[in-house]
$ cat start31.txt   # compact mmCIF, C-alpha atoms and all ligand atoms
# COMPACT_ATOMS: atom_id res chain seq x y z
CA MET A 159 53.53 2.78 45.51
CA GLU A 160 51.65 6.03 46.14
CA LYS A 161 50.79 6.82 49.74
CA VAL A 162 47.32 8.37 49.71
CA LEU A 163 45.26 10.21 52.30
CA LEU A 164 41.75 10.17 50.80
CA PHE A 165 39.27 12.95 51.66
CA CYS A 166 35.78 11.76 50.69
CA ASP A 167 32.02 11.69 51.35
CA PRO A 168 30.90 8.12 50.68
CA GLY A 169 28.65 8.13 48.54
CA ILE A 170 28.72 5.35 45.95
CA ASP A 171 31.57 6.49 43.69
CA ASP A 172 33.54 7.42 46.84
CA ALA A 173 32.91 3.92 48.19
CA VAL A 174 34.16 2.42 44.93
CA ALA A 175 37.21 4.72 45.18
CA ILE A 176 37.96 3.46 48.71
CA ILE A 177 37.70 -0.14 47.50
CA TYR A 178 39.82 0.66 44.42
CA ALA A 179 42.49 2.21 46.65
CA LEU A 180 42.50 -0.79 49.00
CA LEU A 181 42.75 -3.34 46.20
CA ASN A 182 45.28 -1.43 44.10
CA PRO A 183 48.88 -2.63 44.47
CA ARG A 184 50.03 0.85 43.35
CA ILE A 185 48.24 2.63 46.23
CA ASP A 186 48.98 2.55 49.95
CA LEU A 187 45.90 4.03 51.60
CA VAL A 188 47.11 5.57 54.87
CA GLY A 189 43.86 7.18 56.00
CA VAL A 190 40.35 8.18 54.98
CA VAL A 191 38.98 11.60 55.95
CA THR A 192 35.18 11.65 55.93
CA GLY A 193 33.14 14.82 55.54
CA TYR A 194 29.60 15.90 54.67
CA GLY A 195 28.61 15.89 51.02
CA ASN A 196 26.69 13.02 49.49
CA VAL A 197 25.56 12.20 53.05
CA ASN A 198 26.19 13.77 56.45
CA GLU A 199 29.59 13.46 58.15
CA LYS A 200 28.45 10.77 60.64
CA GLN A 201 27.05 8.58 57.87
CA ALA A 202 30.15 9.13 55.72
CA THR A 203 32.31 8.03 58.68
CA ASP A 204 30.21 4.88 59.26
CA ASN A 205 30.23 4.01 55.57
CA ALA A 206 34.02 4.33 55.30
CA SER A 207 34.51 2.32 58.51
CA TYR A 208 32.26 -0.42 57.13
CA LEU A 209 34.18 -0.64 53.86
CA LEU A 210 37.50 -0.91 55.70
CA GLN A 211 36.07 -3.55 58.04
CA LEU A 212 34.79 -5.58 55.09
CA GLY A 213 38.28 -5.65 53.58
CA GLY A 214 39.89 -6.59 56.89
CA ARG A 215 41.59 -3.17 57.15
CA PRO A 216 40.23 -1.55 60.32
CA ASP A 217 43.86 -0.56 61.00
CA ILE A 218 43.46 2.28 58.48
CA PRO A 219 42.20 5.35 60.38
CA VAL A 220 38.93 7.02 59.47
CA ILE A 221 39.33 10.69 60.35
CA ARG A 222 36.28 12.82 60.99
CA GLY A 223 36.17 15.82 58.67
CA ALA A 224 33.82 18.76 58.22
CA LYS A 225 30.11 18.73 58.97
CA GLY A 226 29.30 21.67 56.71
CA PRO A 227 30.76 24.41 54.51
CA PHE A 228 32.63 27.55 55.65
CA SER A 229 29.59 29.71 54.87
CA GLY A 230 27.68 27.96 57.67
CA GLU A 231 24.68 27.39 55.41
CA LEU A 232 22.55 24.25 55.55
CA VAL A 233 23.72 21.35 53.43
CA SER A 234 21.70 19.40 50.85
CA TYR A 235 22.56 15.74 50.45
CA TYR A 236 22.03 13.56 47.38
CA PRO A 237 19.85 10.54 48.34
CA GLU A 238 18.44 10.36 44.81
CA ILE A 239 21.86 9.33 43.48
CA HIS A 240 23.62 7.63 46.38
CA GLY A 241 20.66 6.35 48.42
CA PRO A 242 19.48 7.63 51.82
CA GLU A 243 22.54 6.25 53.62
CA GLY A 244 24.99 6.77 50.78
CA LEU A 245 25.66 3.17 49.80
CA GLY A 246 22.55 2.61 47.67
CA PRO A 247 20.65 -0.37 49.11
CA ILE A 248 23.38 -1.19 51.68
CA ARG A 249 23.31 -0.08 55.32
CA PRO A 250 26.40 -0.54 57.46
CA PRO A 251 25.73 -2.88 60.40
CA ASP A 252 25.37 -1.50 63.93
CA ASN A 253 28.32 -3.47 65.36
CA LEU A 254 30.98 -1.70 63.30
CA ILE A 255 34.65 -2.15 64.15
CA THR A 256 35.90 1.42 63.94
CA ASN A 257 39.23 3.19 64.10
CA VAL A 258 37.77 6.69 64.07
CA GLN A 259 40.15 9.53 64.88
CA ASP A 260 39.77 13.26 65.21
CA TYR A 261 41.07 15.80 62.71
CA ARG A 262 44.53 16.10 64.31
CA ALA A 263 45.33 12.73 62.71
CA VAL A 264 45.49 14.55 59.33
CA PHE A 265 48.34 16.71 60.63
CA ASP A 266 50.11 13.65 62.06
CA LEU A 267 49.96 11.88 58.70
CA ILE A 268 51.26 14.95 56.83
CA ASP A 269 54.11 15.28 59.36
CA LEU A 270 54.90 11.57 59.20
CA TYR A 271 54.99 11.11 55.42
CA LYS A 272 55.66 14.64 54.07
CA ASN A 273 56.61 14.41 50.40
CA ASP A 274 55.81 10.70 50.24
CA LEU A 275 52.14 11.53 50.70
CA THR A 276 49.51 12.64 48.20
CA LEU A 277 46.28 14.22 49.40
CA VAL A 278 43.38 13.14 47.20
CA ASP A 279 40.10 14.98 47.72
CA VAL A 280 36.96 13.56 46.12
CA GLY A 281 34.43 15.31 48.35
CA ARG A 282 33.53 18.87 49.28
CA SER A 283 36.76 20.82 49.82
CA THR A 284 36.03 21.97 53.39
CA SER A 285 37.89 19.18 55.23
CA LEU A 286 41.06 19.71 53.18
CA ALA A 287 40.87 23.51 53.36
CA ILE A 288 40.80 23.27 57.17
CA SER A 289 44.39 21.96 57.04
CA PHE A 290 45.52 25.05 55.13
CA ILE A 291 43.88 27.24 57.76
CA LEU A 292 44.94 25.39 60.91
CA LYS A 293 48.32 24.00 59.89
CA GLY A 294 49.29 26.65 57.35
CA ALA A 295 49.97 26.36 53.63
CA GLU A 296 53.72 25.99 54.01
CA GLU A 297 53.40 22.81 56.06
CA VAL A 298 50.59 21.30 54.02
CA ASN A 299 52.56 21.96 50.86
CA LEU A 300 55.31 19.68 52.13
CA VAL A 301 53.24 16.82 50.69
CA LYS A 302 54.02 15.43 47.25
CA GLY A 303 50.85 16.84 45.72
CA ILE A 304 47.11 17.32 45.90
CA TYR A 305 44.51 15.79 43.57
CA ILE A 306 40.97 17.16 43.63
CA MET A 307 37.92 15.85 41.85
CA GLY A 308 35.63 18.66 40.88
CA GLY A 309 34.71 21.53 38.68
CA ALA A 310 33.49 21.77 35.12
CA ILE A 311 35.68 23.88 32.88
CA ASN A 312 33.85 25.31 29.86
CA HIS A 313 31.61 22.27 30.27
CA PRO A 314 28.08 21.84 31.71
CA GLY A 315 27.85 21.33 35.47
CA ASN A 316 25.97 18.55 37.24
CA VAL A 317 24.19 20.51 39.99
CA THR A 318 23.66 23.80 38.16
CA ALA A 319 24.22 24.85 34.58
CA VAL A 320 27.82 25.71 35.42
CA ALA A 321 28.67 23.96 38.69
CA GLU A 322 29.89 20.52 39.67
CA ALA A 323 28.73 19.19 43.09
CA ASN A 324 32.05 19.20 44.98
CA PHE A 325 33.06 22.73 43.95
CA PHE A 326 29.47 23.97 44.39
CA GLY A 327 29.31 22.49 47.92
CA ASP A 328 31.92 24.83 49.39
CA PRO A 329 33.34 27.13 46.70
CA ILE A 330 35.17 29.23 49.31
CA ALA A 331 37.05 26.16 50.52
CA THR A 332 37.81 24.97 46.99
CA ASP A 333 39.18 28.35 45.93
CA LEU A 334 41.32 28.45 49.05
CA VAL A 335 42.83 25.03 48.27
CA LEU A 336 43.44 26.05 44.64
CA GLU A 337 45.07 29.34 45.62
CA LYS A 338 47.16 28.05 48.55
CA GLY A 339 47.97 24.55 47.27
CA LYS A 340 51.33 24.13 45.59
CA ASN A 341 51.11 21.11 43.35
CA VAL A 342 47.40 20.73 42.66
CA THR A 343 45.86 18.51 39.98
CA VAL A 344 42.20 19.09 39.17
CA ILE A 345 40.13 16.25 37.69
CA PRO A 346 36.95 17.98 36.46
CA LEU A 347 33.69 16.70 34.99
CA ASN A 348 35.28 17.25 31.56
CA VAL A 349 37.01 13.93 32.27
CA THR A 350 35.07 12.21 35.06
CA ASN A 351 31.68 12.32 33.31
CA TYR A 352 33.12 9.97 30.72
CA ALA A 353 34.63 7.43 33.14
CA LEU A 354 31.55 5.31 32.56
CA VAL A 355 31.05 1.87 34.00
CA ASN A 356 28.17 -0.21 32.58
CA PRO A 357 26.26 -3.28 33.89
CA GLN A 358 28.36 -5.71 31.81
CA ILE A 359 31.54 -4.53 33.53
CA VAL A 360 29.84 -4.73 36.94
CA ASN A 361 28.59 -8.27 36.24
CA TRP A 362 32.06 -9.33 35.16
CA ILE A 363 33.58 -7.99 38.40
CA ALA A 364 30.84 -9.58 40.54
CA ALA A 365 31.13 -12.96 38.79
CA SER A 366 34.88 -13.05 39.49
CA ASN A 367 34.06 -13.24 43.20
CA SER A 368 37.72 -12.42 43.79
CA ASN A 369 37.54 -10.48 47.02
CA PRO A 370 35.15 -9.58 49.85
CA TYR A 371 33.81 -6.61 47.85
CA SER A 372 32.50 -8.43 44.76
CA GLY A 373 28.87 -8.62 45.96
CA LEU A 374 28.77 -5.12 47.42
CA ILE A 375 30.25 -3.63 44.26
CA LYS A 376 27.38 -5.07 42.23
CA SER A 377 24.68 -3.84 44.65
CA ILE A 378 25.99 -0.30 44.89
CA ILE A 379 27.00 0.27 41.27
CA ASP A 380 23.72 -1.21 39.94
CA TYR A 381 21.90 1.27 42.19
CA TYR A 382 24.09 4.13 40.94
CA ILE A 383 23.54 3.17 37.28
CA ASN A 384 19.76 3.14 37.86
CA ALA A 385 19.95 6.60 39.42
CA TYR A 386 21.91 7.92 36.41
CA LYS A 387 19.41 6.27 34.02
CA LYS A 388 16.72 8.51 35.51
CA LEU A 389 18.93 11.58 35.23
CA ILE A 390 20.14 11.00 31.68
CA PRO A 391 17.62 9.11 29.55
CA GLY A 392 19.27 6.54 27.30
CA LEU A 393 22.38 6.15 29.48
CA ASN A 394 22.88 2.65 30.88
CA ALA A 395 26.11 3.36 32.76
CA ALA A 396 27.41 5.68 35.49
CA PRO A 397 30.48 7.89 35.89
CA MET A 398 33.15 6.88 38.41
CA HIS A 399 34.18 10.47 39.18
CA ASP A 400 36.11 9.62 42.32
CA VAL A 401 37.79 6.49 40.99
CA ILE A 402 39.25 8.12 37.91
CA THR A 403 40.79 10.74 40.18
CA LEU A 404 42.90 8.00 41.78
CA PHE A 405 43.63 6.55 38.33
CA ALA A 406 45.01 9.97 37.31
CA LEU A 407 47.47 9.70 40.18
CA THR A 408 48.65 6.19 39.37
CA SER A 409 48.52 6.50 35.55
CA PRO A 410 49.25 10.10 34.54
CA GLY A 411 50.42 8.84 31.13
CA SER A 412 46.79 7.99 30.29
CA PHE A 413 45.75 11.68 30.58
CA GLN A 414 46.26 14.97 28.82
CA PHE A 415 46.85 17.85 31.19
CA ALA A 416 47.00 21.62 30.84
CA SER A 417 48.72 23.87 33.38
CA ARG A 418 46.71 26.97 34.22
CA ARG A 419 45.56 28.98 37.19
CA VAL A 420 42.13 27.75 38.32
CA ARG A 421 39.66 29.74 40.44
CA VAL A 422 36.14 29.02 41.67
CA GLU A 423 33.25 31.53 41.85
CA SER A 424 31.25 31.81 45.09
CA SER A 425 28.44 34.14 44.14
CA SER A 426 24.80 33.33 43.44
CA LEU A 427 24.08 32.24 39.86
CA SER A 428 27.65 31.37 39.01
CA ARG A 429 28.45 29.73 42.35
CA GLY A 430 30.82 26.82 41.78
CA ASN A 431 31.73 27.97 38.29
CA THR A 432 35.30 26.88 37.66
CA ILE A 433 37.43 29.26 35.67
CA ALA A 434 40.73 28.19 34.18
CA ASP A 435 42.79 30.95 32.66
CA PHE A 436 43.56 29.82 29.12
CA ARG A 437 44.75 33.24 27.89
CA ALA A 438 48.14 33.16 26.27
CA LYS A 439 49.40 35.91 28.60
CA PRO A 440 47.28 36.41 31.72
CA LYS A 441 47.57 39.95 33.08
CA GLU A 442 47.43 38.98 36.77
CA GLU A 443 50.48 37.64 38.54
CA PRO A 444 50.20 33.84 38.44
CA LYS A 445 50.38 32.03 41.76
CA GLU A 446 53.62 30.25 42.56
CA THR A 447 52.70 27.05 40.73
CA LEU A 448 49.96 26.62 38.16
CA ASP A 449 47.32 23.96 38.62
CA HIS A 450 47.36 20.89 36.42
CA ILE A 451 43.99 20.24 34.82
CA ALA A 452 43.05 16.87 33.35
CA LEU A 453 41.26 17.52 30.06
CA ALA A 454 41.16 14.15 28.30
CA PHE A 455 41.97 10.51 29.06
CA ASP A 456 42.29 7.08 27.53
CA TYR A 457 38.98 5.34 28.31
CA ASN A 458 40.16 1.83 27.43
CA ALA A 459 43.18 2.15 29.71
CA PHE A 460 40.89 3.29 32.54
CA ILE A 461 38.41 0.44 32.13
CA GLN A 462 41.11 -2.19 31.83
CA ASP A 463 42.75 -0.90 35.00
CA PHE A 464 39.37 -0.68 36.79
CA ILE A 465 38.55 -4.31 35.99
CA ASN A 466 42.05 -5.50 36.94
CA VAL A 467 41.99 -3.71 40.28
CA MET A 468 38.41 -4.58 41.22
CA THR A 469 38.99 -8.27 40.52
CA ALA A 470 42.22 -8.37 42.53
CA LYS A 471 42.45 -10.99 45.24
CA ILE A 472 43.11 -9.97 48.82
CA ASN A 473 43.96 -12.13 51.76
CA ASN A 474 42.38 -11.39 55.07
C1 LIG A 501 31.16 14.42 42.71
O1 LIG A 501 30.04 14.73 43.54
C2 LIG A 501 29.71 13.63 44.35
O2 LIG A 501 28.36 13.47 44.40
C3 LIG A 501 30.44 12.45 43.77
O3 LIG A 501 30.77 11.53 44.79
C4 LIG A 501 31.66 13.07 43.16
O4 LIG A 501 32.68 13.23 44.11
C5 LIG A 501 30.74 14.48 41.27
O5 LIG A 501 30.24 15.74 40.95
CA CA A 502 32.57 12.18 46.28
$ encode --input "start31.txt" --output "C-alpha cells"
Amino acid sequence: MEKVLLFCDPGIDDAVAIIYALLNPRIDLVGVVTGYGNVNEKQATDNASYLLQLGGRPDIPVIRGAKGPFSGELVSYYPEIHGPEGLGPIRPPDNLITNVQDYRAVFDLIDLYKNDLTLVDVGRSTSLAISFILKGAEEVNLVKGIYIMGGAINHPGNVTAVAEANFFGDPIATDLVLEKGKNVTVIPLNVTNYALVNPQIVNWIAASNSNPYSGLIKSIIDYYINAYKKLIPGLNAAPMHDVITLFALTSPGSFQFASRRVRVESSSLSRGNTIADFRAKPKEEPKETLDHIALAFDYNAFIQDFINVMTAKINN
C-alpha cells in the first residue's frame, strides 16, 4: 500500500483523484495539501474538506498550501473548465466538518513516514517547492519519491502553444522541484491528455451506486466532459490528468518511462515550456538523479483500474 501526501487544487480532475485515492485499496491517503490553481486556495481547501467529509474521512488532514506563485503575480483560475467553485455544478455546504491544518503538517508527515511516503503533486508546484525551501532538499528527499503531473514534452500545451497549466502556473517552483528533487517522476500531457473518460464509463460508475461518491462523480465528470467538448470539437470525453498520475504510482508496469533531466522555462513566450534532454550525451553535468518521464501507457489497463476503483464499496 502506497502512503500518499497529495498536493492538489480541486478542480474536477483533482476531486476525482482524491476520490480515487480514498477508494483505492493500494493507496493510503495520509493528507491533502490544497493550493491555488484551478480555484483559489480557500475554495480548494473547502472542496477537499467536503470530499473527505462525504467519504466519512474527516480524519485525513487538509493542509493549506500556497495562495499564489513565487513571482507574486496575480493568478488566473479556470472556471470555464472546473466551474466557478471548482466542482462543476456542486458547491460544498456551509456546515463543513473540517480538519484543516497549517503548512507545518507537511513537515510532520515527511518526518513521520520518511521513505514510506510518496509526494504526489497534481497542482501548481508552489506548495511542494515551499518544502524544499523551508525544510531543505536533503530532508524532503528522505521520502520514497515525488510524482508530478505537468508539462508537455515535444507536445502541444494546454494553456499556451507550449505550456501545460500546472508548469505554466509557477514555472520557478516547478523547476526548483525538478532540480532539487531526488526521485521525481513526471507525468506530462503526452500521457494525461489520453487518459480519457467518456459518458458511458461515467454512467456505468454512477449506476453501480457503490459508494457515497457515485452521484457526485456523475455530476462533476459530466460537467468536465461538456467543458472539454467546447474546447475540442468532436471530443465526447475528458482527460483525467490527475488520476492517471496516481495510477502511474500504483501501476508503473502499465507505463513506458524515459530517464532524463527535465527543466522548465520561466520567460515570456516559452514560459512553462518543459524541456527534457534527450541527447545521447548531454554536455552539462547531470543532476544527481535523472527524472523519470512517463511517455506512453496502456489505456485499457487504466480504464479497467479506474472503473474498478470508482465502483469500490466503502463502509462508513
Ligand atoms: C492540470 O491542470 C489542471 O487544470 C488540472 O487539474 C491538471 O492538474 C492539467 O493541465
Ligand atoms: Ca490539478
$ atom_distance --input "start31.txt" --atom1 "atom CA of A:Asn369" --atom2 "atom CA of A:Glu243"
23.4 Å
$ atom_distance --input "start31.txt" --atom1 "atom CA of A:Ser428" --atom2 "atom CA of A:His313"
13.2 Å
$ residues_around --input "start31.txt" --residues "A:Ile461" --least-positions-apart "4" --cutoff "12 Å" --atoms "only C-alpha atoms" --output "MDAnalysis selection string"
chainID A and resid 352:356 358:360 363 397:398 401:402 405 412 455:457 465:468
$ closest_residue --input "start31.txt" --among "A:Arg282, A:Lys225, A:Lys388, A:Lys272" --to "A:Ala323" --atoms "only C-alpha atoms"
A:Arg282
$ residues_around --input "start31.txt" --residues "A:Ser417" --least-positions-apart "6" --cutoff "8 Å" --atoms "all atoms listed in the file" --output "MDAnalysis selection string"
chainID A and resid 448:451
$ axis_aligned_box --input "start31.txt" --around "stretch 185-189 of chain A" --padding-each-side "6 Å" --output "JSON"
{"center_x": 46.4, "center_y": 4.9, "center_z": 51.1, "size_x": 17.1, "size_y": 16.6, "size_z": 21.8}
$ closest_residue --input "start31.txt" --among "A:Ile176, A:Ala385, A:Ile472, A:Cys166" --to "ligand CA 502 (chain A)" --atoms "all atoms listed in the file"
A:Cys166
$ residues_around --input "start31.txt" --residues "A:Lys387" --least-positions-apart "4" --cutoff "12 Å" --atoms "all atoms listed in the file" --output "list in words"
Glu238, Ile239, Asn356, Pro357, Asp380, Tyr381, Tyr382, Ile383, Pro391, Gly392, Leu393, Asn394, Ala395, Ala396 and Pro397 of chain A
$ residues_around --input "start31.txt" --residues "A:Ala173" --least-positions-apart "2" --cutoff "8 Å" --atoms "all atoms listed in the file" --output "list in words"
Pro168, Gly169, Ile170, Asp171, Ala175, Ile176, Ile177, Asn205, Ala206, Leu209 and Leu245 of chain A
$ residues_near_ligand --input "start31.txt" --ligand "ligand CA 502 (chain A)" --cutoff "6 Å" --atoms "all atoms listed in the file" --output "list of chain:residue names"
A:Cys166, A:Asp167, A:Asp172, A:Val280, A:Gly281, A:Asp400
$ residues_around --input "start31.txt" --residues "A:Gly303" --least-positions-apart "2" --cutoff "9 Å" --atoms "all atoms listed in the file" --output "ChimeraX atom specification"
/A:273,275-278,299-301,305,339-343
$ atom_distance --input "start31.txt" --atom1 "atom CA of A:Tyr261" --atom2 "atom CA of A:Val420"
27.2 Å
$ closest_residue --input "start31.txt" --among "A:Val191, A:Leu407, A:Ile375, A:Leu389" --to "A:Ile306" --atoms "only C-alpha atoms"
A:Leu407
$ closest_residue --input "start31.txt" --among "A:Ser283, A:Gln414, A:Ser289, A:Ser207" --to "A:Gly193" --atoms "all atoms listed in the file"
A:Ser283
$ closest_residue --input "start31.txt" --among "A:Tyr208, A:Phe228, A:Tyr271, A:Phe325" --to "A:Ile248" --atoms "only C-alpha atoms"
A:Tyr208
$ closest_residue --input "start31.txt" --among "A:Pro227, A:Pro247, A:Pro219, A:Gly241" --to "A:Asp266" --atoms "all atoms listed in the file"
A:Pro219
$ residues_near_point --input "start31.txt" --point "(43.9, 5.2, 60.0)" --cutoff "7 Å" --atoms "all atoms listed in the file" --output "PyMOL selection string"
chain A and resi 188-190+217-220+257
$ decode --input "start31.txt" --residues "stretch 270-357 of chain A" --atoms "C-alpha atoms" --output "tab-separated table (two decimals), in the first residue's frame"
chain	number	residue	atom	x	y	z
A	270	LEU	CA	6.76	10.61	10.40
A	271	TYR	CA	6.74	8.45	7.27
A	272	LYS	CA	10.08	9.27	5.56
A	273	ASN	CA	10.75	6.69	2.84
A	274	ASP	CA	7.32	5.12	3.23
A	275	LEU	CA	5.78	8.29	1.83
A	276	THR	CA	5.32	9.45	-1.76
A	277	LEU	CA	4.57	13.09	-2.50
A	278	VAL	CA	2.16	13.38	-5.43
A	279	ASP	CA	1.66	16.86	-6.85
A	280	VAL	CA	-1.21	17.42	-9.27
A	281	GLY	CA	-1.48	21.19	-8.87
A	282	ARG	CA	0.76	24.21	-9.29
A	283	SER	CA	4.20	23.36	-7.87
A	284	THR	CA	4.40	26.23	-5.36
A	285	SER	CA	3.12	24.35	-2.29
A	286	LEU	CA	5.58	21.49	-2.81
A	287	ALA	CA	8.50	23.79	-3.63
A	288	ILE	CA	7.96	25.58	-0.30
A	289	SER	CA	9.04	22.37	1.46
A	290	PHE	CA	12.35	22.36	-0.42
A	291	ILE	CA	12.92	25.96	0.62
A	292	LEU	CA	11.81	25.77	4.26
A	293	LYS	CA	12.78	22.22	5.18
A	294	GLY	CA	15.68	21.77	2.78
A	295	ALA	CA	16.15	19.33	-0.09
A	296	GLU	CA	18.04	16.78	1.97
A	297	GLU	CA	15.14	16.25	4.36
A	298	VAL	CA	12.42	16.33	1.72
A	299	ASN	CA	14.38	13.80	-0.32
A	300	LEU	CA	14.08	11.31	2.53
A	301	VAL	CA	10.67	10.44	1.05
A	302	LYS	CA	10.29	7.45	-1.26
A	303	GLY	CA	9.67	9.63	-4.31
A	304	ILE	CA	7.83	12.51	-5.90
A	305	TYR	CA	5.25	12.28	-8.71
A	306	ILE	CA	4.25	15.46	-10.53
A	307	MET	CA	1.54	15.94	-13.10
A	308	GLY	CA	2.52	18.55	-15.60
A	309	GLY	CA	4.45	19.66	-18.59
A	310	ALA	CA	4.21	18.88	-22.27
A	311	ILE	CA	7.37	17.45	-23.76
A	312	ASN	CA	7.68	17.99	-27.51
A	313	HIS	CA	3.88	18.03	-27.42
A	314	PRO	CA	1.33	20.90	-27.62
A	315	GLY	CA	0.49	22.62	-24.33
A	316	ASN	CA	-2.99	23.24	-22.97
A	317	VAL	CA	-2.70	26.87	-21.82
A	318	THR	CA	-0.23	28.13	-24.42
A	319	ALA	CA	1.24	26.57	-27.54
A	320	VAL	CA	3.99	25.02	-25.43
A	321	ALA	CA	2.82	25.08	-21.81
A	322	GLU	CA	0.71	22.86	-19.61
A	323	ALA	CA	-1.32	24.59	-16.84
A	324	ASN	CA	0.50	23.27	-13.75
A	325	PHE	CA	4.01	24.02	-15.03
A	326	PHE	CA	2.85	27.35	-16.52
A	327	GLY	CA	1.28	28.38	-13.18
A	328	ASP	CA	4.58	28.62	-11.31
A	329	PRO	CA	7.49	27.61	-13.56
A	330	ILE	CA	10.04	28.79	-10.99
A	331	ALA	CA	8.60	26.43	-8.40
A	332	THR	CA	8.38	23.54	-10.85
A	333	ASP	CA	11.98	23.94	-11.97
A	334	LEU	CA	13.08	24.08	-8.34
A	335	VAL	CA	11.29	20.80	-7.55
A	336	LEU	CA	12.76	19.16	-10.66
A	337	GLU	CA	16.28	20.34	-9.88
A	338	LYS	CA	16.25	19.66	-6.12
A	339	GLY	CA	14.03	16.57	-6.05
A	340	LYS	CA	15.82	13.23	-5.94
A	341	ASN	CA	13.44	10.63	-7.26
A	342	VAL	CA	11.00	12.59	-9.40
A	343	THR	CA	8.53	11.10	-11.87
A	344	VAL	CA	6.88	13.50	-14.31
A	345	ILE	CA	3.50	12.62	-15.83
A	346	PRO	CA	3.10	15.11	-18.70
A	347	LEU	CA	0.27	15.89	-21.10
A	348	ASN	CA	1.92	13.43	-23.51
A	349	VAL	CA	0.23	10.79	-21.35
A	350	THR	CA	-2.52	12.53	-19.37
A	351	ASN	CA	-4.30	14.02	-22.41
A	352	TYR	CA	-5.13	10.49	-23.47
A	353	ALA	CA	-6.46	9.26	-20.11
A	354	LEU	CA	-9.94	9.90	-21.46
A	355	VAL	CA	-13.11	9.06	-19.61
A	356	ASN	CA	-16.37	9.17	-21.61
A	357	PRO	CA	-20.07	9.42	-20.59
